[in-house]
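Chemist: My structure is stored as entry.pdb, with PDB, C-alpha atoms.
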ATOM      1  CA  MET A   1      20.856 -12.678 -21.579
ATOM      2  CA  TRP A   2      21.304 -15.951 -19.771
ATOM      3  CA  THR A   3      20.476 -19.331 -21.221
ATOM      4  CA  ARG A   4      18.210 -21.791 -19.486
ATOM      5  CA  ALA A   5      21.144 -24.101 -18.749
ATOM      6  CA  GLU A   6      23.126 -21.284 -17.087
ATOM      7  CA  LEU A   7      20.162 -20.312 -14.916
ATOM      8  CA  LYS A   8      19.523 -23.931 -13.955
ATOM      9  CA  SER A   9      23.134 -24.608 -12.964
ATOM     10  CA  LYS A  10      23.312 -21.358 -10.964
ATOM     11  CA  ALA A  11      20.092 -22.252  -9.132
ATOM     12  CA  LYS A  12      21.373 -25.734  -8.277
ATOM     13  CA  GLU A  13      24.598 -24.220  -6.991
ATOM     14  CA  ASN A  14      22.730 -21.734  -4.799
ATOM     15  CA  LEU A  15      20.305 -24.306  -3.386
ATOM     16  CA  GLN A  16      22.957 -26.760  -2.223
ATOM     17  CA  GLY A  17      23.569 -25.181   1.167
ATOM     18  CA  GLY A  18      20.146 -24.211   2.439
ATOM     19  CA  TYR A  19      17.389 -25.772   0.386
ATOM     20  CA  TRP A  20      14.975 -26.350   3.287
ATOM     21  CA  ALA A  21      15.501 -22.895   4.759
ATOM     22  CA  LEU A  22      14.589 -21.380   1.388
ATOM     23  CA  VAL A  23      11.509 -23.596   1.101
ATOM     24  CA  VAL A  24      10.355 -22.615   4.595
ATOM     25  CA  MET A  25      10.890 -18.903   3.799
ATOM     26  CA  ALA A  26       8.820 -19.255   0.621
ATOM     27  CA  LEU A  27       6.040 -20.970   2.590
ATOM     28  CA  ILE A  28       6.119 -18.277   5.289
ATOM     29  CA  LEU A  29       5.905 -15.570   2.641
ATOM     30  CA  GLN A  30       3.018 -17.380   0.954
ATOM     31  CA  PHE A  31       1.181 -17.710   4.272
ATOM     32  CA  LEU A  32       1.770 -14.131   5.440
ATOM     33  CA  THR A  33       0.793 -12.460   2.189
ATOM     34  CA  GLY A  34      -2.271 -14.615   1.661
ATOM     35  CA  GLY A  35      -1.070 -16.133  -1.589
ATOM     36  CA  GLY A  36      -2.748 -19.219  -2.872
ATOM     37  CA  GLY A  37      -5.647 -20.287  -0.774
ATOM     38  CA  GLY A  38      -8.872 -20.867  -2.563
ATOM     39  CA  GLY A  39     -11.993 -22.394  -1.282
ATOM     40  CA  GLY A  40     -14.617 -24.758  -2.416
ATOM     41  CA  GLY A  41     -18.219 -23.964  -2.792
ATOM     42  CA  GLY A  42     -21.123 -26.197  -2.189
ATOM     43  CA  THR A  43     -24.511 -26.623  -3.712
ATOM     44  CA  SER A  44     -27.760 -27.087  -2.005
ATOM     45  CA  SER A  45     -31.111 -28.278  -3.124
ATOM     46  CA  SER A  46     -34.468 -27.218  -1.864
ATOM     47  CA  SER A  47     -37.857 -28.793  -2.039
ATOM     48  CA  THR A  48     -39.581 -25.401  -2.027
ATOM     49  CA  SER A  49     -41.628 -24.840  -5.136
ATOM     50  CA  ASP A  50     -41.422 -21.683  -7.220
ATOM     51  CA  GLU A  51     -44.962 -20.782  -6.200
ATOM     52  CA  GLU A  52     -44.177 -20.978  -2.469
ATOM     53  CA  MET A  53     -41.004 -18.952  -2.993
ATOM     54  CA  SER A  54     -42.917 -16.278  -4.895
ATOM     55  CA  GLU A  55     -45.504 -15.987  -2.119
ATOM     56  CA  ALA A  56     -42.764 -15.679   0.519
ATOM     57  CA  ILE A  57     -41.024 -12.907  -1.430
ATOM     58  CA  ASP A  58     -44.312 -11.054  -1.942
ATOM     59  CA  SER A  59     -45.131 -11.191   1.767
ATOM     60  CA  ILE A  60     -41.677  -9.840   2.664
ATOM     61  CA  THR A  61     -41.743  -6.985   0.157
ATOM     62  CA  ASN A  62     -45.273  -5.934   1.172
ATOM     63  CA  SER A  63     -44.270  -5.531   4.799
ATOM     64  CA  SER A  64     -42.563  -2.190   5.483
ATOM     65  CA  GLU A  65     -41.145  -3.497   8.759
ATOM     66  CA  ALA A  66     -39.494  -6.445   7.019
ATOM     67  CA  MET A  67     -38.107  -4.111   4.346
ATOM     68  CA  THR A  68     -36.652  -1.813   7.020
ATOM     69  CA  ILE A  69     -34.969  -4.765   8.722
ATOM     70  CA  PHE A  70     -33.652  -6.006   5.378
ATOM     71  CA  LEU A  71     -32.196  -2.600   4.458
ATOM     72  CA  THR A  72     -30.636  -2.213   7.916
ATOM     73  CA  VAL A  73     -28.969  -5.622   7.690
ATOM     74  CA  LEU A  74     -27.814  -4.834   4.150
ATOM     75  CA  GLY A  75     -26.293  -1.542   5.356
ATOM     76  CA  ILE A  76     -24.478  -3.243   8.235
ATOM     77  CA  VAL A  77     -23.117  -5.965   5.974
ATOM     78  CA  GLY A  78     -21.998  -3.345   3.459
ATOM     79  CA  ALA A  79     -20.212  -1.359   6.169
ATOM     80  CA  VAL A  80     -18.460  -4.480   7.476
ATOM     81  CA  VAL A  81     -17.322  -5.402   3.963
ATOM     82  CA  LEU A  82     -16.061  -1.857   3.356
ATOM     83  CA  VAL A  83     -14.116  -1.831   6.634
ATOM     84  CA  ALA A  84     -12.625  -5.250   5.811
ATOM     85  CA  LEU A  85     -11.537  -3.994   2.376
ATOM     86  CA  VAL A  86      -9.904  -0.899   3.845
ATOM     87  CA  ILE A  87      -8.086  -2.938   6.510
ATOM     88  CA  GLY A  88      -6.934  -5.404   3.852
ATOM     89  CA  MET A  89      -5.597  -2.612   1.646
ATOM     90  CA  LEU A  90      -3.789  -0.969   4.560
ATOM     91  CA  LEU A  91      -2.221  -4.274   5.586
ATOM     92  CA  SER A  92      -1.186  -4.888   2.004
ATOM     93  CA  TYR A  93       0.519  -1.513   1.571
ATOM     94  CA  PHE A  94       2.027  -1.080   5.029
ATOM     95  CA  VAL A  95       2.918  -4.655   6.027
ATOM     96  CA  TYR A  96       2.698  -7.323   3.312
ATOM     97  CA  ASN A  97       4.629  -5.401   0.650
ATOM     98  CA  LEU A  98       7.422  -4.786   3.144
ATOM     99  CA  LEU A  99       7.480  -8.465   4.073
ATOM    100  CA  LEU A 100       7.801  -9.230   0.357
ATOM    101  CA  VAL A 101      10.831  -6.924   0.112
ATOM    102  CA  GLY A 102      12.332  -8.585   3.207
ATOM    103  CA  ALA A 103      11.820 -12.059   1.749
ATOM    104  CA  GLN A 104      13.494 -10.957  -1.490
ATOM    105  CA  ARG A 105      16.395  -9.710   0.642
ATOM    106  CA  TYR A 106      16.630 -13.179   2.183
ATOM    107  CA  PHE A 107      16.670 -14.821  -1.234
ATOM    108  CA  ILE A 108      19.338 -12.405  -2.475
ATOM    109  CA  THR A 109      21.599 -13.082   0.509
ATOM    110  CA  ALA A 110      21.059 -16.817  -0.017
ATOM    111  CA  THR A 111      22.735 -16.523  -3.424
ATOM    112  CA  TYR A 112      25.967 -15.369  -1.773
ATOM    113  CA  LYS A 113      26.035 -17.689   1.234
ATOM    114  CA  ASP A 114      24.219 -20.775   2.461
ATOM    115  CA  ALA A 115      20.691 -19.992   3.570
ATOM    116  CA  THR A 116      19.979 -20.740   7.206
ATOM    117  CA  PHE A 117      17.012 -20.385   9.505
ATOM    118  CA  ASN A 118      19.004 -17.797  11.507
ATOM    119  CA  ASP A 119      18.791 -15.401   8.571
ATOM    120  CA  PHE A 120      14.999 -15.155   8.792
ATOM    121  CA  ASN A 121      15.412 -11.746  10.417
ATOM    122  CA  CYS A 122      15.777 -10.467   6.831
ATOM    123  CA  LEU A 123      11.984 -10.658   6.681
ATOM    124  CA  GLY A 124      11.803  -7.423   8.665
ATOM    125  CA  TYR A 125      14.549  -5.744   6.627
ATOM    126  CA  ALA A 126      12.328  -3.025   5.127
ATOM    127  CA  PHE A 127      10.966  -2.140   8.577
ATOM    128  CA  LYS A 128      14.401  -1.648  10.183
ATOM    129  CA  LYS A 129      16.461   0.275   7.700
ATOM    130  CA  GLY A 130      14.892   3.721   8.100
ATOM    131  CA  ASN A 131      13.480   3.627   4.576
ATOM    132  CA  TYR A 132      10.064   2.336   5.577
ATOM    133  CA  LEU A 133       8.030   5.136   3.974
ATOM    134  CA  ASN A 134      10.091   5.080   0.792
ATOM    135  CA  VAL A 135       9.486   1.338   0.335
ATOM    136  CA  VAL A 136       5.774   1.788   1.107
ATOM    137  CA  LYS A 137       5.552   4.618  -1.446
ATOM    138  CA  ILE A 138       7.336   2.740  -4.232
ATOM    139  CA  MET A 139       5.385  -0.484  -3.707
ATOM    140  CA  PHE A 140       2.133   1.526  -3.638
ATOM    141  CA  LEU A 141       3.091   3.253  -6.895
ATOM    142  CA  ARG A 142       3.898  -0.134  -8.418
ATOM    143  CA  ALA A 143       0.390  -1.384  -7.617
ATOM    144  CA  LEU A 144      -1.198   1.893  -8.719
ATOM    145  CA  TYR A 145       0.615   2.039 -12.052
ATOM    146  CA  THR A 146      -0.137  -1.602 -12.808
ATOM    147  CA  GLY A 147      -3.810  -1.022 -11.982
ATOM    148  CA  LEU A 148      -4.007   2.087 -14.139
ATOM    149  CA  TRP A 149      -2.316   0.344 -17.061
ATOM    150  CA  SER A 150      -4.821  -2.506 -16.669
ATOM    151  CA  LEU A 151      -7.656  -0.039 -17.299
ATOM    152  CA  LEU A 152      -6.404   0.260 -20.884
ATOM    153  CA  PHE A 153      -7.582  -3.303 -21.492
ATOM    154  CA  ILE A 154      -5.834  -6.229 -19.886
ATOM    155  CA  ILE A 155      -2.704  -6.617 -22.035
ATOM    156  CA  PRO A 156      -0.964  -3.318 -21.058
ATOM    157  CA  GLY A 157      -1.474  -4.184 -17.391
ATOM    158  CA  ILE A 158       0.117  -7.600 -17.878
ATOM    159  CA  ILE A 159       3.052  -6.050 -19.727
ATOM    160  CA  LYS A 160       3.594  -3.447 -16.993
ATOM    161  CA  SER A 161       3.289  -6.043 -14.237
ATOM    162  CA  TYR A 162       6.206  -7.892 -15.829
ATOM    163  CA  GLU A 163       8.088  -4.631 -16.319
ATOM    164  CA  TYR A 164       7.722  -3.801 -12.613
ATOM    165  CA  ARG A 165       8.437  -7.369 -11.458
ATOM    166  CA  MET A 166      11.982  -6.616 -10.218
ATOM    167  CA  ILE A 167      11.048  -3.677  -7.976
ATOM    168  CA  PRO A 168      10.891  -5.750  -4.734
ATOM    169  CA  TYR A 169      14.350  -7.190  -5.506
ATOM    170  CA  ILE A 170      15.741  -3.728  -6.296
ATOM    171  CA  LEU A 171      14.343  -2.356  -3.036
ATOM    172  CA  ALA A 172      15.739  -5.364  -1.167
ATOM    173  CA  GLU A 173      19.209  -4.377  -2.339
ATOM    174  CA  ASP A 174      18.826  -0.607  -1.886
ATOM    175  CA  PRO A 175      15.652   0.645  -0.162
ATOM    176  CA  SER A 176      16.808   4.264  -0.391
ATOM    177  CA  LEU A 177      16.380   4.491  -4.178
ATOM    178  CA  SER A 178      13.935   7.007  -5.580
ATOM    179  CA  ALA A 179      10.760   5.766  -7.231
ATOM    180  CA  GLU A 180      11.921   6.915 -10.669
ATOM    181  CA  GLU A 181      15.228   5.075 -10.288
ATOM    182  CA  ALA A 182      13.560   1.853  -9.072
ATOM    183  CA  PHE A 183      11.104   1.842 -11.970
ATOM    184  CA  ARG A 184      13.861   2.630 -14.474
ATOM    185  CA  LEU A 185      16.108  -0.157 -13.181
ATOM    186  CA  SER A 186      13.261  -2.672 -13.217
ATOM    187  CA  LYS A 187      12.373  -1.726 -16.779
ATOM    188  CA  GLU A 188      16.005  -2.107 -17.886
ATOM    189  CA  MET A 189      16.315  -5.481 -16.155
ATOM    190  CA  MET A 190      13.143  -6.855 -17.714
ATOM    191  CA  ASP A 191      13.750  -5.469 -21.201
ATOM    192  CA  GLY A 192      13.824  -8.462 -23.535
ATOM    193  CA  ASN A 193      12.995 -10.994 -20.812
TER     194      ASN A 193
END
Could you express the structure from this file as structure tokens?
Modeler:
Amino acid sequence: MWTRAELKSKAKENLQGGYWALVVMALILQFLTGGGGGGGGGTSSSSTSDEEMSEAIDSITNSSEAMTIFLTVLGIVGAVVLVALVIGMLLSYFVYNLLLVGAQRYFITATYKDATFNDFNCLGYAFKKGNYLNVVKIMFLRALYTGLWSLLFIIPGIIKSYEYRMIPYILAEDPSLSAEEAFRLSKEMMDGN
């Protein structure tokens, strides 16, 4: 196992040649995969009394036409949300996870040579190598296994998420590995760390 001082000196050595290229790649990855973000909420106040609100709700619920409109709008909103969730999941499994593997490939190559902006084509590495479906399958299994372990309370899911943490790096080095081999290697690498 490495010491903190060894890791720190190795990182400084690797960052000397292409610090800004690495920072830009990390920002691109963060932007493309939707990491971070967050939004603020607001509060509002109303001068409507509880009595007026109660009368308004009663008049809406007593009208069958208003209820039909409400249920129709609720159904449309539900369908839109469901479609958005499905599109988000598909993008995550078929695009974002592969971009993550490509970014890890960029970071790995940056440890052996100075990182440059010309090397950004590594971002599409998982798309080009002919192992697209294998990478999609392994990254999907990683998410599935972590989710299933999380159903056994939260702690096993956290442990497994750390155990599977190296899978994108492993796939960045060799996208043709089998799922069993990728999971085994990740577990060995994270054992004790």
Chemist: When you look at Thr146 of chain A with a cut-off of 10 Å (counting all atoms listed in the file), what residues show up, excluding the ones that are within fewer than 5 positions of it in the same chain? I need them as a VMD selection string.
Modeler: chain A and resid 140 to 141 151 156 to 164
Chemist: So how far away is atom CA of Lys187 of chain A from atom CA of Ala11 of chain A, in Å?
Modeler: 23.2 Å
Chemist: Quick one: of A:Gln16, A:Gly130, A:Ile155, A:Met25, who's nearest to Asp114 of chain A, counting all atoms listed in the file?
Modeler: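 Closest residue, counting all atoms listed in the file: A:Gln16.
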Chemist: Grab all the atoms of segment 130-137 of chain A that the file lists, wrap them in a box along x, y and z, add 5 Å per side, and give me centre plus edge lengths in Å (one decimal) as AutoDock Vina command-line options.
Modeler:
--center_x 10.2 --center_y 3.2 --center_z 3.3 --size_x 19.3 --size_y 13.8 --size_z 19.5
Chemist: Which residues, named as in the file, does the PyMOL selection byres ((chain A and resi 178) around 12) pick out? Answer as a PyMOL selection string.
Modeler: chain A and resi 131+133-139+141+167+170-171+174-177+179-185
Chemist: When distances are computed from only C-alpha atoms, which of A:Ser186, A:Gln30, A:Thr109, A:Thr116 shows the smallest separation from Gly18 of chain A?
Modeler: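 Under the stated criterion, the closest residue is A:Thr116.
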Chemist: Using Å and a single decimal, report how far atom CA of Phe94 of chain A sits from atom CA of Val24 of chain A.
Modeler: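 Result for atom CA of Val24 of chain A versus atom CA of Phe94 of chain A: 23.1 Å, one decimal.
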Chemist: What gap, in Å, lies between atom CA of Leu71 of chain A and atom CA of Met89 of chain A?
Modeler: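 Interatomic distance here is 26.7 Å.
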Chemist: Which neighbours of Ala26 of chain A fall inside 9 Å, counting all atoms listed in the file, when residues of the same chain fewer than 5 positions from it are skipped, and could you give them as a list in words?
Modeler: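 Residues meeting the cut-off are Ala21, Phe31 and Ala103 of chain A.
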Chemist: Taking only C-alpha atoms into account, name the residue in A:Leu15, A:Pro168, A:Gln104, A:Asn193 that is nearest to Trp2 of chain A.
Modeler: A:Asn193
